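One file, upload-v4.txt, carrying compact mmCIF, C-alpha atoms:
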# COMPACT_ATOMS: atom_id res chain seq x y z
CA PHE A 1 24.82 -18.32 -73.71
CA VAL A 2 21.97 -15.80 -73.95
CA ASP A 3 19.42 -18.60 -74.35
CA LEU A 4 21.01 -20.97 -71.85
CA SER A 5 19.69 -21.55 -68.37
CA GLU A 6 21.41 -19.92 -65.42
CA GLU A 7 23.02 -23.20 -64.38
CA GLU A 8 24.33 -24.01 -67.87
CA ALA A 9 25.73 -20.53 -68.47
CA GLU A 10 27.37 -20.32 -65.05
CA ALA A 11 28.91 -23.78 -65.40
CA GLY A 12 30.37 -22.99 -68.84
CA LEU A 13 31.82 -19.64 -67.79
CA LYS A 14 33.12 -21.02 -64.50
CA ASP A 15 35.03 -23.82 -66.23
CA SER A 16 36.83 -21.29 -68.45
CA ALA A 17 37.71 -18.85 -65.66
CA ARG A 18 40.81 -18.80 -63.49
CA HIS A 19 40.07 -19.41 -59.80
CA HIS A 20 41.75 -17.99 -56.72
CA GLY A 21 42.08 -19.17 -53.15
CA GLU A 22 39.14 -18.96 -50.76
CA LYS A 23 41.05 -16.71 -48.34
CA THR A 24 41.80 -14.28 -51.14
CA GLU A 25 38.17 -14.11 -52.16
CA GLU A 26 37.09 -13.65 -48.55
CA LEU A 27 39.42 -10.67 -48.26
CA TYR A 28 37.97 -9.10 -51.38
CA LYS A 29 34.47 -9.45 -49.97
CA ILE A 30 35.44 -6.86 -47.36
CA LEU A 31 37.20 -4.62 -49.88
CA GLN A 32 34.26 -4.76 -52.22
CA VAL A 33 32.07 -2.94 -49.71
CA SER A 34 34.05 0.24 -50.37
CA THR A 35 33.91 -0.11 -54.15
CA CYS A 36 30.16 -0.74 -54.00
CA THR A 37 29.70 2.49 -52.06
CA LEU A 38 31.92 4.51 -54.38
CA ALA A 39 30.26 3.00 -57.45
CA SER A 40 26.90 4.20 -56.11
CA VAL A 41 28.31 7.71 -55.73
CA ALA A 42 29.64 7.60 -59.29
CA HIS A 43 26.28 6.35 -60.55
CA GLY A 44 24.50 9.27 -58.94
CA SER A 45 27.05 11.80 -60.18
CA ASN A 46 26.46 10.95 -63.83
CA ASP A 47 23.51 8.70 -64.66
CA ILE A 48 21.07 10.37 -62.29
CA ALA A 49 22.34 13.77 -63.39
CA ASN A 50 21.72 12.73 -67.00
CA SER A 51 18.05 12.27 -66.15
CA ILE A 52 17.47 15.09 -63.68
CA GLY A 53 19.38 17.69 -65.74
CA PRO A 54 16.93 17.76 -68.66
CA LEU A 55 14.01 17.48 -66.26
CA ALA A 56 15.27 20.53 -64.35
CA ALA A 57 15.46 22.49 -67.62
CA VAL A 58 11.91 21.46 -68.56
CA TRP A 59 10.66 22.43 -65.11
CA MET A 60 12.37 25.83 -65.36
CA VAL A 61 10.71 26.60 -68.71
CA PHE A 62 7.35 25.25 -67.58
CA SER A 63 7.29 27.12 -64.27
CA SER A 64 8.84 30.42 -65.31
CA GLY A 65 8.41 30.60 -69.07
CA GLN A 66 12.05 31.65 -69.38
CA VAL A 67 15.23 30.01 -70.61
CA SER A 68 18.68 30.54 -69.08
CA GLU A 69 22.03 28.78 -69.13
CA LYS A 70 21.60 27.51 -65.58
CA ALA A 71 18.43 26.08 -64.08
CA LYS A 72 17.61 26.11 -60.39
CA LEU A 73 17.36 22.56 -59.07
CA PRO A 74 14.59 22.07 -56.50
CA VAL A 75 15.24 19.52 -53.80
CA TRP A 76 12.10 17.62 -54.71
CA LEU A 77 13.56 16.89 -58.15
CA LEU A 78 16.55 15.15 -56.56
CA LEU A 79 14.22 13.16 -54.30
CA TYR A 80 12.10 12.26 -57.30
CA GLY A 81 15.20 10.95 -59.09
CA ALA A 82 16.20 8.84 -56.09
CA VAL A 83 12.72 7.35 -55.69
CA ALA A 84 12.42 6.67 -59.43
CA LEU A 85 15.81 4.92 -59.37
CA ASP A 86 14.67 2.65 -56.54
CA ILE A 87 11.41 1.85 -58.31
CA GLY A 88 13.34 0.96 -61.46
CA LEU A 89 15.65 -1.36 -59.55
CA ILE A 90 12.73 -3.11 -57.86
CA THR A 91 10.67 -3.57 -61.02
CA TYR A 92 13.16 -4.24 -63.83
CA GLY A 93 16.68 -3.47 -62.65
CA HIS A 94 17.08 -6.83 -60.95
CA LYS A 95 16.74 -8.55 -64.34
CA ILE A 96 19.77 -6.66 -65.69
CA MET A 97 21.79 -7.41 -62.56
CA HIS A 98 20.82 -11.07 -62.79
CA ALA A 99 21.90 -11.30 -66.44
CA LEU A 100 25.23 -9.53 -65.87
CA GLY A 101 25.88 -11.51 -62.71
CA THR A 102 25.20 -15.01 -64.03
CA LYS A 103 25.39 -15.08 -67.83
CA PHE A 104 28.16 -12.67 -68.83
CA ILE A 105 31.30 -13.87 -67.05
CA TYR A 106 32.08 -15.94 -63.99
CA HIS A 107 31.94 -13.53 -61.04
CA SER A 108 33.84 -13.59 -57.77
CA PRO A 109 34.60 -10.93 -55.11
CA SER A 110 38.05 -10.21 -56.58
CA ARG A 111 36.58 -9.76 -60.05
CA GLY A 112 33.77 -7.59 -58.73
CA PHE A 113 36.27 -5.39 -56.90
CA CYS A 114 38.24 -4.74 -60.10
CA ILE A 115 35.11 -4.14 -62.17
CA GLN A 116 33.59 -1.64 -59.76
CA LEU A 117 36.87 0.15 -59.09
CA ALA A 118 37.63 0.68 -62.78
CA SER A 119 34.11 1.73 -63.74
CA MET A 120 33.87 4.03 -60.71
CA PHE A 121 37.06 5.92 -61.62
CA THR A 122 35.97 6.15 -65.26
CA VAL A 123 32.54 7.56 -64.44
CA LEU A 124 33.86 10.01 -61.84
CA PHE A 125 36.53 11.26 -64.24
CA PHE A 126 34.00 12.02 -66.95
CA SER A 127 31.61 13.49 -64.38
CA LYS A 128 34.38 15.89 -63.34
CA MET A 129 34.88 16.80 -67.01
CA GLY A 130 31.15 17.40 -67.40
CA VAL A 131 30.72 14.61 -69.96
CA PRO A 132 27.55 12.47 -69.67
CA VAL A 133 28.36 8.77 -69.85
CA SER A 134 26.61 5.55 -68.88
CA THR A 135 27.64 3.64 -65.77
CA THR A 136 26.15 0.50 -67.28
CA HIS A 137 28.33 0.80 -70.38
CA CYS A 138 31.43 1.30 -68.24
CA ILE A 139 30.62 -1.69 -66.05
CA CYS A 140 29.92 -3.92 -69.06
CA GLY A 141 33.26 -2.96 -70.62
CA ALA A 142 35.11 -3.54 -67.36
CA THR A 143 33.34 -6.88 -66.89
CA ALA A 144 34.32 -8.11 -70.35
CA ALA A 145 37.95 -7.05 -69.79
CA VAL A 146 38.12 -8.79 -66.41
CA GLY A 147 36.61 -11.91 -67.96
CA VAL A 148 39.27 -12.01 -70.69
CA CYS A 149 42.11 -11.36 -68.24
CA GLY A 150 40.76 -13.95 -65.83
CA GLY A 151 40.18 -16.80 -68.24
CA GLY A 152 40.75 -15.87 -71.86
CA LEU A 153 38.26 -15.30 -74.66
CA GLY A 154 36.26 -18.37 -73.70
CA ALA A 155 35.42 -16.88 -70.30
CA VAL A 156 33.20 -14.15 -71.78
CA ASN A 157 29.71 -14.49 -73.20
CA TRP A 158 30.37 -12.65 -76.46
CA ARG A 159 26.85 -13.19 -77.79
CA MET A 160 25.47 -11.36 -74.80
CA LEU A 161 27.99 -8.54 -75.24
CA LEU A 162 27.00 -8.21 -78.91
CA THR A 163 23.34 -8.09 -77.92
CA MET A 164 24.04 -5.30 -75.44
CA PHE A 165 26.15 -3.41 -77.97
CA LEU A 166 23.39 -3.55 -80.56
CA GLY A 167 20.94 -2.41 -77.91
CA TRP A 168 23.09 0.64 -77.16
CA ILE A 169 23.15 1.56 -80.86
CA VAL A 170 19.42 1.11 -81.40
CA THR A 171 18.15 2.84 -78.26
CA VAL A 172 19.73 6.24 -78.97
CA PRO A 173 18.01 6.97 -82.31
CA ALA A 174 14.85 5.17 -81.17
CA ALA A 175 14.51 7.36 -78.08
CA GLY A 176 15.28 10.48 -80.12
CA LEU A 177 12.71 9.62 -82.77
CA LEU A 178 9.97 8.86 -80.23
CA SER A 179 10.63 12.01 -78.22
CA GLY A 180 10.73 14.15 -81.37
CA LEU A 181 7.46 12.73 -82.66
CA ARG A 182 5.81 13.16 -79.28
CA TYR A 183 7.06 16.74 -79.06
CA CYS A 184 5.64 17.77 -82.42
CA SER A 185 2.51 15.62 -82.47
CA HIS A 186 0.67 17.67 -79.86
CA PRO A 187 2.03 21.24 -80.02
CA SER A 188 -0.99 22.65 -78.23
CA THR A 189 0.06 20.90 -75.02
CA ILE A 190 3.51 22.53 -75.06
CA PRO A 191 4.17 26.19 -74.16
CA ALA A 192 4.96 28.18 -77.29
CA CYS A 193 8.22 29.45 -75.77
CA MET A 194 9.61 25.88 -75.66
CA CYS A 195 8.93 25.29 -79.35
CA ASN A 196 10.32 28.67 -80.36
CA VAL A 197 13.51 28.16 -78.35
CA CYS A 198 14.27 24.67 -79.69
CA LEU A 199 13.04 25.15 -83.27
CA PRO A 200 12.76 28.90 -83.92
CA GLN A 201 12.11 28.34 -87.62
CA LEU A 202 8.90 26.45 -86.83
CA ASP A 203 5.51 27.76 -85.87
CA CYS A 204 4.43 24.64 -84.01
CA ALA A 205 1.47 26.33 -82.40
CA SER A 206 -0.22 26.93 -85.76
CA GLN A 207 1.00 24.03 -87.89
CA PRO A 208 -0.74 20.65 -88.01
CA PRO A 209 1.23 17.86 -86.30
CA ILE A 210 2.23 16.13 -89.55
CA SER A 211 3.38 19.42 -91.06
CA CYS A 212 5.46 20.22 -87.99
CA VAL A 213 7.12 16.78 -88.03
CA ALA A 214 7.85 17.04 -91.75
CA THR A 215 9.40 20.49 -91.32
CA ALA A 216 11.49 19.38 -88.35
CA PHE A 217 13.04 16.48 -90.25
CA SER A 218 13.47 18.32 -93.57

As structure tokens:
Amino acid sequence: FVDLSEEEAEAGLKDSARHHGEKTEELYKILQVSTCTLASVAHGSNDIANSIGPLAAVWMVFSSGQVSEKAKLPVWLLLYGAVALDIGLITYGHKIMHALGTKFIYHSPSRGFCIQLASMFTVLFFSKMGVPVSTTHCICGATAAVGVCGGGLGAVNWRMLLTMFLGWIVTVPAAGLLSGLRYCSHPSTIPACMCNVCLPQLDCASQPPISCVATAFS
């Protein structure tokens, strides 16, 4: 299904899915407005916080040269996060929404209501507990479950789910490796206090980049 056209994928998933009456789906179109709004709130409470939180810590160290348990959050950082989110949606986010909306399961207002409601409660619960999670992961899991309940195993694009799952596994160490290499490759561009706080055993300001990287991973 990953390599199929939109029409072929939608036709195959639609044939396997259970269908409901038009009046029922029309009713869920109205109800889905509330879940869309609440899902946006949940997205901001966790995913945006996941990005702005580390940025706030970096800004605190960069601007003050000090490290504390709590960092002051300037308003402009929140605005920056909102603008960056919109830019991401305009440039590449629509591709993810298109794939999940047409090639994963057969979607309808009633299915969308259940998916958004479940993922919203999950994300808000973990946000309340202070646990960073991914709204996308929650929505993908809820989508797969709704697809199975609404049409059986044949109503879900399992190849696409496997591709996403492998992507989740690969991106975490890949991002960590790239950020670690970037951090230690140019120590002169980073305040010494940041290096000493994160890796006190290293003297990144005096070591060559390769030596710093080797020491960090040893």

query: At what distance in Å, to one decimal, does CA of Leu73 (chain A) lie from CA of Val61 (chain A)?
result: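 Going from CA of Val61 (chain A) over to CA of Leu73 (chain A), I get 12.4 Å.
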
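Of note, CA of Ser110 (chain A) and CA of Gly93 (chain A) are spaced 23.2 Å apart.
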
Listed atoms of region 37-54 of chain A boxed axis-aligned with 6 Å per side, centre + edges as lines of an AutoDock Vina configuration file:
center_x = 24.4
center_y = 10.1
center_z = -60.4
size_x = 27.0
size_y = 27.3
size_z = 28.6

task: Go through A:Ala82, A:Val131, A:Ala118, A:Cys149 and flag the residue nearest Tyr106 (chain A), using only C-alpha atoms for the distances.
output: A:Cys149

message: Show me, as a list in words, the residues that have an atom within 9 Å of region 98-101 of chain A when counting only C-alpha atoms, minus same-chain residues fewer than 3 positions from it.
response: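 Here the answer would be Val2, Glu6, Gly93, His94, Lys95, Phe104, Ile105, Tyr106, His107, Cys140 and Thr143 of chain A.
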
message: Could you check which residues have any atom within 10 Å of (25.1, 7.0, -70.4), counting all atoms listed in the file with coordinates taken straight from the file, and then list them as a PyMOL selection string?
response: chain A and resi 43+46-48+50-51+123+131-138+168

Residues just named, written with C-alpha atoms as a PDB file, in the frame of the given file:
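For reference, selection.pdb as written:
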ATOM      1  CA  HIS A  43      26.280   6.350 -60.550  1.00  0.00           C
ATOM      2  CA  ASN A  46      26.460  10.950 -63.830  1.00  0.00           C
ATOM      3  CA  ASP A  47      23.510   8.700 -64.660  1.00  0.00           C
ATOM      4  CA  ILE A  48      21.070  10.370 -62.290  1.00  0.00           C
ATOM      5  CA  ASN A  50      21.720  12.730 -67.000  1.00  0.00           C
ATOM      6  CA  SER A  51      18.050  12.270 -66.150  1.00  0.00           C
ATOM      7  CA  VAL A 123      32.540   7.560 -64.440  1.00  0.00           C
ATOM      8  CA  VAL A 131      30.720  14.610 -69.960  1.00  0.00           C
ATOM      9  CA  PRO A 132      27.550  12.470 -69.670  1.00  0.00           C
ATOM     10  CA  VAL A 133      28.360   8.770 -69.850  1.00  0.00           C
ATOM     11  CA  SER A 134      26.610   5.550 -68.880  1.00  0.00           C
ATOM     12  CA  THR A 135      27.640   3.640 -65.770  1.00  0.00           C
ATOM     13  CA  THR A 136      26.150   0.500 -67.280  1.00  0.00           C
ATOM     14  CA  HIS A 137      28.330   0.800 -70.380  1.00  0.00           C
ATOM     15  CA  CYS A 138      31.430   1.300 -68.240  1.00  0.00           C
ATOM     16  CA  TRP A 168      23.090   0.640 -77.160  1.00  0.00           C
TER      17      TRP A 168
END

task: Could you tell me how far CA of Ala56 (chain A) lies from CA of Ala71 (chain A), in Å and to one decimal?
output: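 Calculated distance between CA of Ala56 (chain A) and CA of Ala71 (chain A) is 6.4 Å.
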
- line: Nearest to Ser119 (chain A), restricted to all atoms listed in the file and choosing among A:Ala39, A:Val146, A:Leu177, A:Leu27, comes out as A:Ala39

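Among A:Gly21, A:Gly112, A:Gly141, A:Gly53, the residue with the shortest atom-to-atom distance to Trp158 (chain A), counting only C-alpha atoms, is A:Gly141.
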
query: For Arg111 (chain A), which of A:Gln32, A:Thr91, A:Thr163, A:Ser64 is the closest residue, counting only C-alpha atoms?
result: A:Gln32

Start from the incomplete input, build all heavy atoms for region 55-66 of chain A, and deliver everything as a CSV table (one decimal), in the frame of the given file.
chain,number,residue,atom,x,y,z
A,55,LEU,N,15.3,17.3,-67.0
A,55,LEU,CA,14.0,17.5,-66.3
A,55,LEU,C,14.0,18.8,-65.6
A,55,LEU,O,13.0,19.5,-65.5
A,55,LEU,CB,13.8,16.4,-65.2
A,55,LEU,CG,12.5,16.4,-64.4
A,55,LEU,CD1,11.3,16.4,-65.4
A,55,LEU,CD2,12.4,15.3,-63.5
A,56,ALA,N,15.2,19.2,-65.0
A,56,ALA,CA,15.3,20.5,-64.4
A,56,ALA,C,15.1,21.6,-65.4
A,56,ALA,O,14.4,22.7,-65.1
A,56,ALA,CB,16.6,20.7,-63.7
A,57,ALA,N,15.6,21.5,-66.6
A,57,ALA,CA,15.5,22.5,-67.6
A,57,ALA,C,14.0,22.6,-68.0
A,57,ALA,O,13.5,23.7,-68.2
A,57,ALA,CB,16.3,22.1,-68.8
A,58,VAL,N,13.3,21.5,-68.2
A,58,VAL,CA,11.9,21.5,-68.6
A,58,VAL,C,11.1,22.1,-67.5
A,58,VAL,O,10.2,22.9,-67.8
A,58,VAL,CB,11.4,20.0,-68.8
A,58,VAL,CG1,9.9,20.0,-69.0
A,58,VAL,CG2,12.1,19.4,-70.0
A,59,TRP,N,11.4,21.8,-66.2
A,59,TRP,CA,10.7,22.4,-65.1
A,59,TRP,C,10.9,23.9,-65.1
A,59,TRP,O,9.9,24.7,-64.8
A,59,TRP,CB,11.1,21.8,-63.8
A,59,TRP,CG,10.4,22.5,-62.6
A,59,TRP,CD1,11.1,23.3,-61.7
A,59,TRP,CD2,9.1,22.4,-62.2
A,59,TRP,NE1,10.2,23.7,-60.8
A,59,TRP,CE2,8.9,23.2,-61.0
A,59,TRP,CE3,8.0,21.7,-62.7
A,59,TRP,CZ2,7.7,23.3,-60.4
A,59,TRP,CZ3,6.7,21.9,-62.1
A,59,TRP,CH2,6.6,22.7,-60.9
A,60,MET,N,12.1,24.4,-65.4
A,60,MET,CA,12.4,25.8,-65.4
A,60,MET,C,11.5,26.5,-66.4
A,60,MET,O,10.9,27.6,-66.2
A,60,MET,CB,13.9,26.1,-65.6
A,60,MET,CG,14.2,27.5,-65.8
A,60,MET,SD,15.9,27.8,-66.3
A,60,MET,CE,15.8,27.1,-68.0
A,61,VAL,N,11.5,26.0,-67.6
A,61,VAL,CA,10.7,26.6,-68.7
A,61,VAL,C,9.2,26.5,-68.4
A,61,VAL,O,8.5,27.5,-68.6
A,61,VAL,CB,11.0,25.9,-70.1
A,61,VAL,CG1,10.1,26.5,-71.2
A,61,VAL,CG2,12.5,26.1,-70.4
A,62,PHE,N,8.8,25.4,-67.9
A,62,PHE,CA,7.4,25.2,-67.6
A,62,PHE,C,6.9,26.2,-66.5
A,62,PHE,O,5.8,26.7,-66.5
A,62,PHE,CB,7.1,23.8,-67.2
A,62,PHE,CG,5.6,23.5,-66.9
A,62,PHE,CD1,4.7,23.3,-67.9
A,62,PHE,CD2,5.2,23.4,-65.6
A,62,PHE,CE1,3.4,23.1,-67.6
A,62,PHE,CE2,3.9,23.2,-65.3
A,62,PHE,CZ,2.9,23.0,-66.3
A,63,SER,N,7.7,26.3,-65.4
A,63,SER,CA,7.3,27.1,-64.3
A,63,SER,C,7.5,28.6,-64.4
A,63,SER,O,6.7,29.4,-63.9
A,63,SER,CB,8.0,26.6,-63.0
A,63,SER,OG,9.5,26.8,-63.2
A,64,SER,N,8.5,29.0,-65.2
A,64,SER,CA,8.8,30.4,-65.3
A,64,SER,C,8.6,31.0,-66.7
A,64,SER,O,8.5,32.2,-66.9
A,64,SER,CB,10.3,30.7,-64.9
A,64,SER,OG,11.2,30.0,-65.8
A,65,GLY,N,8.6,30.1,-67.7
A,65,GLY,CA,8.4,30.6,-69.1
A,65,GLY,C,9.7,31.3,-69.6
A,65,GLY,O,9.6,31.9,-70.7
A,66,GLN,N,10.8,31.0,-69.0
A,66,GLN,CA,12.0,31.6,-69.4
A,66,GLN,C,13.1,30.6,-69.6
A,66,GLN,O,13.0,29.5,-69.0
A,66,GLN,CB,12.5,32.7,-68.3
A,66,GLN,CG,11.6,33.8,-68.1
A,66,GLN,CD,12.1,34.8,-67.1
A,66,GLN,OE1,13.0,34.5,-66.4
A,66,GLN,NE2,11.4,35.9,-67.0
